file structure32.cif (mmCIF, C-alpha atoms, pLDDT in the B column; chains and numbers go by the auth columns)
data_upload
loop_
_atom_site.group_PDB
_atom_site.id
_atom_site.type_symbol
_atom_site.label_atom_id
_atom_site.label_comp_id
_atom_site.label_asym_id
_atom_site.label_seq_id
_atom_site.Cartn_x
_atom_site.Cartn_y
_atom_site.Cartn_z
_atom_site.B_iso_or_equiv
_atom_site.auth_seq_id
_atom_site.auth_asym_id
ATOM 1 C CA MET A 1 -4.071 -1.551 -16.081 46.00 251 M
ATOM 2 C CA GLY A 2 -1.655 -4.472 -16.435 52.00 252 M
ATOM 3 C CA LYS A 3 1.183 -2.197 -17.515 68.00 253 M
ATOM 4 C CA GLY A 4 3.894 -1.904 -14.925 86.00 254 M
ATOM 5 C CA VAL A 5 2.806 -4.886 -12.850 93.00 255 M
ATOM 6 C CA HIS A 6 4.727 -8.138 -13.054 94.00 256 M
ATOM 7 C CA VAL A 7 2.888 -11.179 -11.707 95.00 257 M
ATOM 8 C CA GLN A 8 4.688 -14.347 -10.709 96.00 258 M
ATOM 9 C CA ASP A 9 3.293 -17.604 -9.349 96.00 259 M
ATOM 10 C CA LEU A 10 4.972 -18.775 -6.166 97.00 260 M
ATOM 11 C CA PRO A 11 4.066 -22.469 -6.076 97.00 261 M
ATOM 12 C CA GLY A 12 2.811 -23.504 -2.665 96.00 262 M
ATOM 13 C CA VAL A 13 2.865 -19.906 -1.443 96.00 263 M
ATOM 14 C CA GLY A 14 0.637 -17.746 -3.622 97.00 264 M
ATOM 15 C CA LYS A 15 1.281 -14.953 -6.098 96.00 265 M
ATOM 16 C CA ARG A 16 3.775 -12.155 -6.180 97.00 266 M
ATOM 17 C CA TYR A 17 3.003 -8.784 -7.772 96.00 267 M
ATOM 18 C CA ASP A 18 5.849 -6.397 -8.528 96.00 268 M
ATOM 19 C CA ILE A 19 4.619 -2.897 -9.187 94.00 269 M
ATOM 20 C CA ASP A 20 6.999 -0.733 -11.174 91.00 270 M
ATOM 21 C CA LEU A 21 6.810 2.890 -10.101 94.00 271 M
ATOM 22 C CA GLY A 22 9.025 4.120 -12.922 91.00 272 M
ATOM 23 C CA ARG A 23 11.893 4.998 -10.599 90.00 273 M
ATOM 24 C CA PRO A 24 14.924 2.907 -9.669 87.00 274 M
ATOM 25 C CA ASP A 25 14.597 3.928 -6.013 93.00 275 M
ATOM 26 C CA GLN A 26 10.882 3.225 -5.511 94.00 276 M
ATOM 27 C CA ARG A 27 9.215 -0.132 -5.898 95.00 277 M
ATOM 28 C CA ILE A 28 6.370 -2.010 -4.252 97.00 278 M
ATOM 29 C CA SER A 29 5.903 -5.782 -4.174 97.00 279 M
ATOM 30 C CA VAL A 30 2.936 -7.616 -2.752 98.00 280 M
ATOM 31 C CA VAL A 31 2.794 -11.333 -2.028 98.00 281 M
ATOM 32 C CA ILE A 32 -0.761 -12.625 -1.714 97.00 282 M
ATOM 33 C CA ARG A 33 -0.559 -15.914 0.123 97.00 283 M
ATOM 34 C CA SER A 34 -3.036 -18.700 -0.603 94.00 284 M
ATOM 35 C CA GLY A 35 -4.696 -18.093 2.798 94.00 285 M
ATOM 36 C CA GLY A 36 -5.337 -14.439 1.950 95.00 286 M
ATOM 37 C CA THR A 37 -2.567 -12.825 4.003 97.00 287 M
ATOM 38 C CA ARG A 38 -0.625 -10.146 2.139 97.00 288 M
ATOM 39 C CA ASP A 39 3.011 -9.262 2.594 97.00 289 M
ATOM 40 C CA LEU A 40 3.685 -5.695 1.504 98.00 290 M
ATOM 41 C CA TYR A 41 7.295 -4.980 0.570 98.00 291 M
ATOM 42 C CA VAL A 42 8.240 -1.344 0.133 97.00 292 M
ATOM 43 C CA PHE A 43 11.543 -0.473 -1.532 97.00 293 M
ATOM 44 C CA ALA A 44 12.384 3.197 -1.000 95.00 294 M
ATOM 45 C CA SER A 45 16.014 3.055 -2.099 94.00 295 M
ATOM 46 C CA SER A 46 17.904 1.350 -4.887 91.00 296 M
ATOM 47 C CA SER A 47 18.947 -1.435 -2.486 93.00 297 M
ATOM 48 C CA PRO A 48 17.543 -4.896 -3.326 93.00 298 M
ATOM 49 C CA ASP A 49 16.484 -5.228 0.331 96.00 299 M
ATOM 50 C CA PRO A 50 13.070 -3.866 1.244 97.00 300 M
ATOM 51 C CA THR A 51 12.982 -0.693 3.331 97.00 301 M
ATOM 52 C CA ALA A 52 9.831 -1.866 5.091 97.00 302 M
ATOM 53 C CA VAL A 53 7.839 -5.086 5.249 97.00 303 M
ATOM 54 C CA ILE A 54 4.278 -5.133 6.563 97.00 304 M
ATOM 55 C CA GLU A 55 2.019 -8.154 7.010 96.00 305 M
ATOM 56 C CA LEU A 56 -1.632 -7.468 6.323 97.00 306 M
ATOM 57 C CA SER A 57 -4.705 -9.602 6.831 96.00 307 M
ATOM 58 C CA GLU A 58 -7.095 -9.770 3.886 95.00 308 M
ATOM 59 C CA GLU A 59 -9.397 -7.236 5.575 94.00 309 M
ATOM 60 C CA GLN A 60 -6.563 -4.838 6.370 95.00 310 M
ATOM 61 C CA ALA A 61 -5.230 -5.091 2.821 96.00 311 M
ATOM 62 C CA ARG A 62 -8.659 -4.265 1.390 95.00 312 M
ATOM 63 C CA LYS A 63 -8.830 -1.253 3.699 95.00 313 M
ATOM 64 C CA VAL A 64 -5.419 0.027 2.573 96.00 314 M
ATOM 65 C CA GLY A 65 -6.396 -0.754 -1.033 96.00 315 M
ATOM 66 C CA ALA A 66 -9.612 1.251 -0.717 95.00 316 M
ATOM 67 C CA VAL A 67 -7.774 4.231 0.779 96.00 317 M
ATOM 68 C CA LEU A 68 -5.156 4.169 -2.006 96.00 318 M
ATOM 69 C CA SER A 69 -7.824 3.883 -4.706 93.00 319 M
ATOM 70 C CA ALA A 70 -9.781 6.703 -2.990 89.00 320 M
ATOM 71 C CA THR A 71 -12.825 4.433 -2.779 87.00 321 M
ATOM 72 C CA PHE A 72 -12.709 4.426 0.999 80.00 322 M
ATOM 73 C CA PHE A 73 -15.660 6.013 2.753 73.00 323 M
ATOM 74 C CA GLN A 74 -16.144 6.241 6.493 63.00 324 M
ATOM 75 C CA GLU A 75 -19.162 4.277 7.685 52.00 325 M
ATOM 76 C CA MET B 1 -15.163 -0.825 6.776 46.00 281 V
ATOM 77 C CA GLY B 2 -14.551 2.486 8.600 52.00 282 V
ATOM 78 C CA LYS B 3 -13.223 0.718 11.705 68.00 283 V
ATOM 79 C CA GLY B 4 -9.540 1.213 12.212 86.00 284 V
ATOM 80 C CA VAL B 5 -9.182 4.108 9.776 93.00 285 V
ATOM 81 C CA HIS B 6 -8.812 7.648 11.085 94.00 286 V
ATOM 82 C CA VAL B 7 -9.475 10.376 8.539 95.00 287 V
ATOM 83 C CA GLN B 8 -8.228 13.905 9.006 96.00 288 V
ATOM 84 C CA ASP B 9 -8.639 16.963 6.778 96.00 289 V
ATOM 85 C CA LEU B 10 -5.410 18.725 5.970 97.00 290 V
ATOM 86 C CA PRO B 11 -6.599 22.178 4.881 97.00 291 V
ATOM 87 C CA GLY B 12 -4.926 23.260 1.673 96.00 292 V
ATOM 88 C CA VAL B 13 -3.251 19.876 1.267 96.00 293 V
ATOM 89 C CA GLY B 14 -5.863 17.118 1.108 97.00 294 V
ATOM 90 C CA LYS B 15 -6.843 14.270 3.424 96.00 295 V
ATOM 91 C CA ARG B 16 -4.857 12.028 5.668 97.00 296 V
ATOM 92 C CA TYR B 17 -5.895 8.434 6.383 96.00 297 V
ATOM 93 C CA ASP B 18 -4.299 6.594 9.290 96.00 298 V
ATOM 94 C CA ILE B 19 -4.869 2.870 9.072 94.00 299 V
ATOM 95 C CA ASP B 20 -4.546 1.048 12.371 91.00 300 V
ATOM 96 C CA LEU B 21 -3.126 -2.434 11.883 94.00 301 V
ATOM 97 C CA GLY B 22 -3.720 -3.493 15.477 91.00 302 V
ATOM 98 C CA ARG B 23 -0.013 -3.564 16.319 90.00 303 V
ATOM 99 C CA PRO B 24 2.128 -0.845 17.874 87.00 304 V
ATOM 100 C CA ASP B 25 4.942 -1.579 15.405 93.00 305 V
ATOM 101 C CA GLN B 26 2.952 -1.566 12.166 94.00 306 V
ATOM 102 C CA ARG B 27 0.993 1.357 10.819 95.00 307 V
ATOM 103 C CA ILE B 28 0.179 2.809 7.404 97.00 308 V
ATOM 104 C CA SER B 29 -0.774 6.398 6.647 97.00 309 V
ATOM 105 C CA VAL B 30 -1.830 7.755 3.288 98.00 310 V
ATOM 106 C CA VAL B 31 -2.087 11.415 2.376 98.00 311 V
ATOM 107 C CA ILE B 32 -4.239 12.027 -0.694 97.00 312 V
ATOM 108 C CA ARG B 33 -3.329 15.443 -1.999 97.00 313 V
ATOM 109 C CA SER B 34 -5.916 17.624 -3.706 94.00 314 V
ATOM 110 C CA GLY B 35 -4.188 17.036 -7.058 94.00 315 V
ATOM 111 C CA GLY B 36 -4.519 13.247 -6.709 95.00 316 V
ATOM 112 C CA THR B 37 -0.949 12.393 -5.693 97.00 317 V
ATOM 113 C CA ARG B 38 -0.696 9.991 -2.761 97.00 318 V
ATOM 114 C CA ASP B 39 2.024 9.873 -0.153 97.00 319 V
ATOM 115 C CA LEU B 40 2.284 6.424 1.376 98.00 320 V
ATOM 116 C CA TYR B 41 3.887 6.336 4.816 98.00 321 V
ATOM 117 C CA VAL B 42 4.830 2.922 6.157 97.00 322 V
ATOM 118 C CA PHE B 43 5.712 2.570 9.835 97.00 323 V
ATOM 119 C CA ALA B 44 7.321 -0.809 10.483 95.00 324 V
ATOM 120 C CA SER B 45 8.665 -0.076 13.969 94.00 325 V
ATOM 121 C CA SER B 46 7.316 1.698 17.031 91.00 326 V
ATOM 122 C CA SER B 47 9.265 4.838 16.060 93.00 327 V
ATOM 123 C CA PRO B 48 7.109 7.874 15.199 93.00 328 V
ATOM 124 C CA ASP B 49 9.223 8.327 12.061 96.00 329 V
ATOM 125 C CA PRO B 50 8.120 6.434 8.965 97.00 330 V
ATOM 126 C CA THR B 51 10.282 3.505 7.873 97.00 331 V
ATOM 127 C CA ALA B 52 9.515 4.207 4.217 97.00 332 V
ATOM 128 C CA VAL B 53 7.810 6.979 2.282 97.00 333 V
ATOM 129 C CA ILE B 54 6.648 6.456 -1.288 97.00 334 V
ATOM 130 C CA GLU B 55 5.061 9.015 -3.608 96.00 335 V
ATOM 131 C CA LEU B 56 2.445 7.572 -5.943 97.00 336 V
ATOM 132 C CA SER B 57 0.559 9.115 -8.817 96.00 337 V
ATOM 133 C CA GLU B 58 -3.189 8.531 -8.842 95.00 338 V
ATOM 134 C CA GLU B 59 -2.774 5.770 -11.443 94.00 339 V
ATOM 135 C CA GLN B 60 0.019 4.056 -9.525 95.00 340 V
ATOM 136 C CA ALA B 61 -1.973 4.231 -6.283 96.00 341 V
ATOM 137 C CA ARG B 62 -4.991 2.621 -7.975 95.00 342 V
ATOM 138 C CA LYS B 63 -2.723 -0.135 -9.263 95.00 343 V
ATOM 139 C CA VAL B 64 -1.282 -0.839 -5.805 96.00 344 V
ATOM 140 C CA GLY B 65 -4.809 -0.609 -4.366 96.00 345 V
ATOM 141 C CA ALA B 66 -6.128 -3.144 -6.861 95.00 346 V
ATOM 142 C CA VAL B 67 -3.280 -5.559 -6.100 96.00 347 V
ATOM 143 C CA LEU B 68 -3.850 -5.250 -2.335 96.00 348 V
ATOM 144 C CA SER B 69 -7.603 -5.753 -2.736 93.00 349 V
ATOM 145 C CA ALA B 70 -6.919 -8.722 -5.051 89.00 350 V
ATOM 146 C CA THR B 71 -9.041 -7.084 -7.738 87.00 351 V
ATOM 147 C CA PHE B 72 -6.061 -6.707 -10.041 80.00 352 V
ATOM 148 C CA PHE B 73 -6.169 -8.652 -13.267 73.00 353 V
ATOM 149 C CA GLN B 74 -3.542 -8.632 -15.976 63.00 354 V
ATOM 150 C CA GLU B 75 -4.804 -7.193 -19.234 52.00 355 V
#
call {"tool": "encode", "arguments": {"input": "structure32.cif", "output": "structure tokens"}}
result
Amino acid sequence: MGKGVHVQDLPGVGKRYDIDLGRPDQRISVVIRSGGTRDLYVFASSSPDPTAVIELSEEQARKVGAVLSATFFQE
Amino acid sequence: MGKGVHVQDLPGVGKRYDIDLGRPDQRISVVIRSGGTRDLYVFASSSPDPTAVIELSEEQARKVGAVLSATFFQE
């Protein structure tokens, strides 16, 4: 599963994951901060600036992750 | 985990998941199409129009999901 994901340590901050979507105009980066907070960067154009930035708590990120993986089930 | 996620059937299309992030200016919606493709809608303002839309294959969505859930490990 490692293919297409570039992981980079950000000393004092956390880890950055760049997910290659095989298109120059679509890219997703996630920074997982040491405290658990995630910054989701969505690039929907070929600009180096993100189109959207969303801050997610650990719980929110797990929820979004479960929906994307289709492992989310309503309680 | 169901709290804050609204699921809606889209007949003939698939399922739509609206993930409430507890802020009027941040929202994420995911449409999982019957074929497995996911449409990720990111709302980073209070506008009803998405700030960014990304199309993900099932494999790509699982990758992003694993990163967000912090269950991603490099091979």
call {"tool": "closest_residue", "arguments": {"input": "structure32.cif", "among": "V:Gly316, V:Tyr321, V:Gly345, V:Phe352", "to": "chain M", "atoms": "all atoms listed in the file"}}
result
V:Gly345
call {"tool": "atom_distance", "arguments": {"input": "structure32.cif", "atom1": "atom CA of Ser279 of chain M", "atom2": "atom CA of Asp289 of chain V"}}
result
29.1 Å
call {"tool": "atom_distance", "arguments": {"input": "structure32.cif", "atom1": "atom CA of Asp300 of chain V", "atom2": "atom CA of Phe323 of chain M"}}
result
15.5 Å
call {"tool": "resolve_selection", "arguments": {"input": "structure32.cif", "expression": "the PyMOL selection byres ((chain V and resi 323) around 12)", "output": "VMD selection string"}}
result
(chain M and resid 290 292 301 to 305) or (chain V and resid 298 to 301 303 to 310 320 to 322 324 to 334)
call {"tool": "atom_distance", "arguments": {"input": "structure32.cif", "atom1": "atom CA of Gly254 of chain M", "atom2": "atom CA of Thr351 of chain V"}}
result
15.7 Å
call {"tool": "residues_around", "arguments": {"input": "structure32.cif", "residues": "Leu318 of chain M", "least_positions_apart": "6", "cutoff": "12 Å", "atoms": "only C-alpha atoms", "output": "PyMOL selection string"}}
result
(chain M and resi 311-312) or (chain V and resi 295-299+308-313+316-321+335-349)
call {"tool": "axis_aligned_box", "arguments": {"input": "structure32.cif", "around": "segment 287-291 of chain V", "padding_each_side": "8 Å", "output": "JSON"}}
result
{"center_x": -7.4, "center_y": 16.3, "center_z": 6.9, "size_x": 20.1, "size_y": 27.8, "size_z": 20.1}
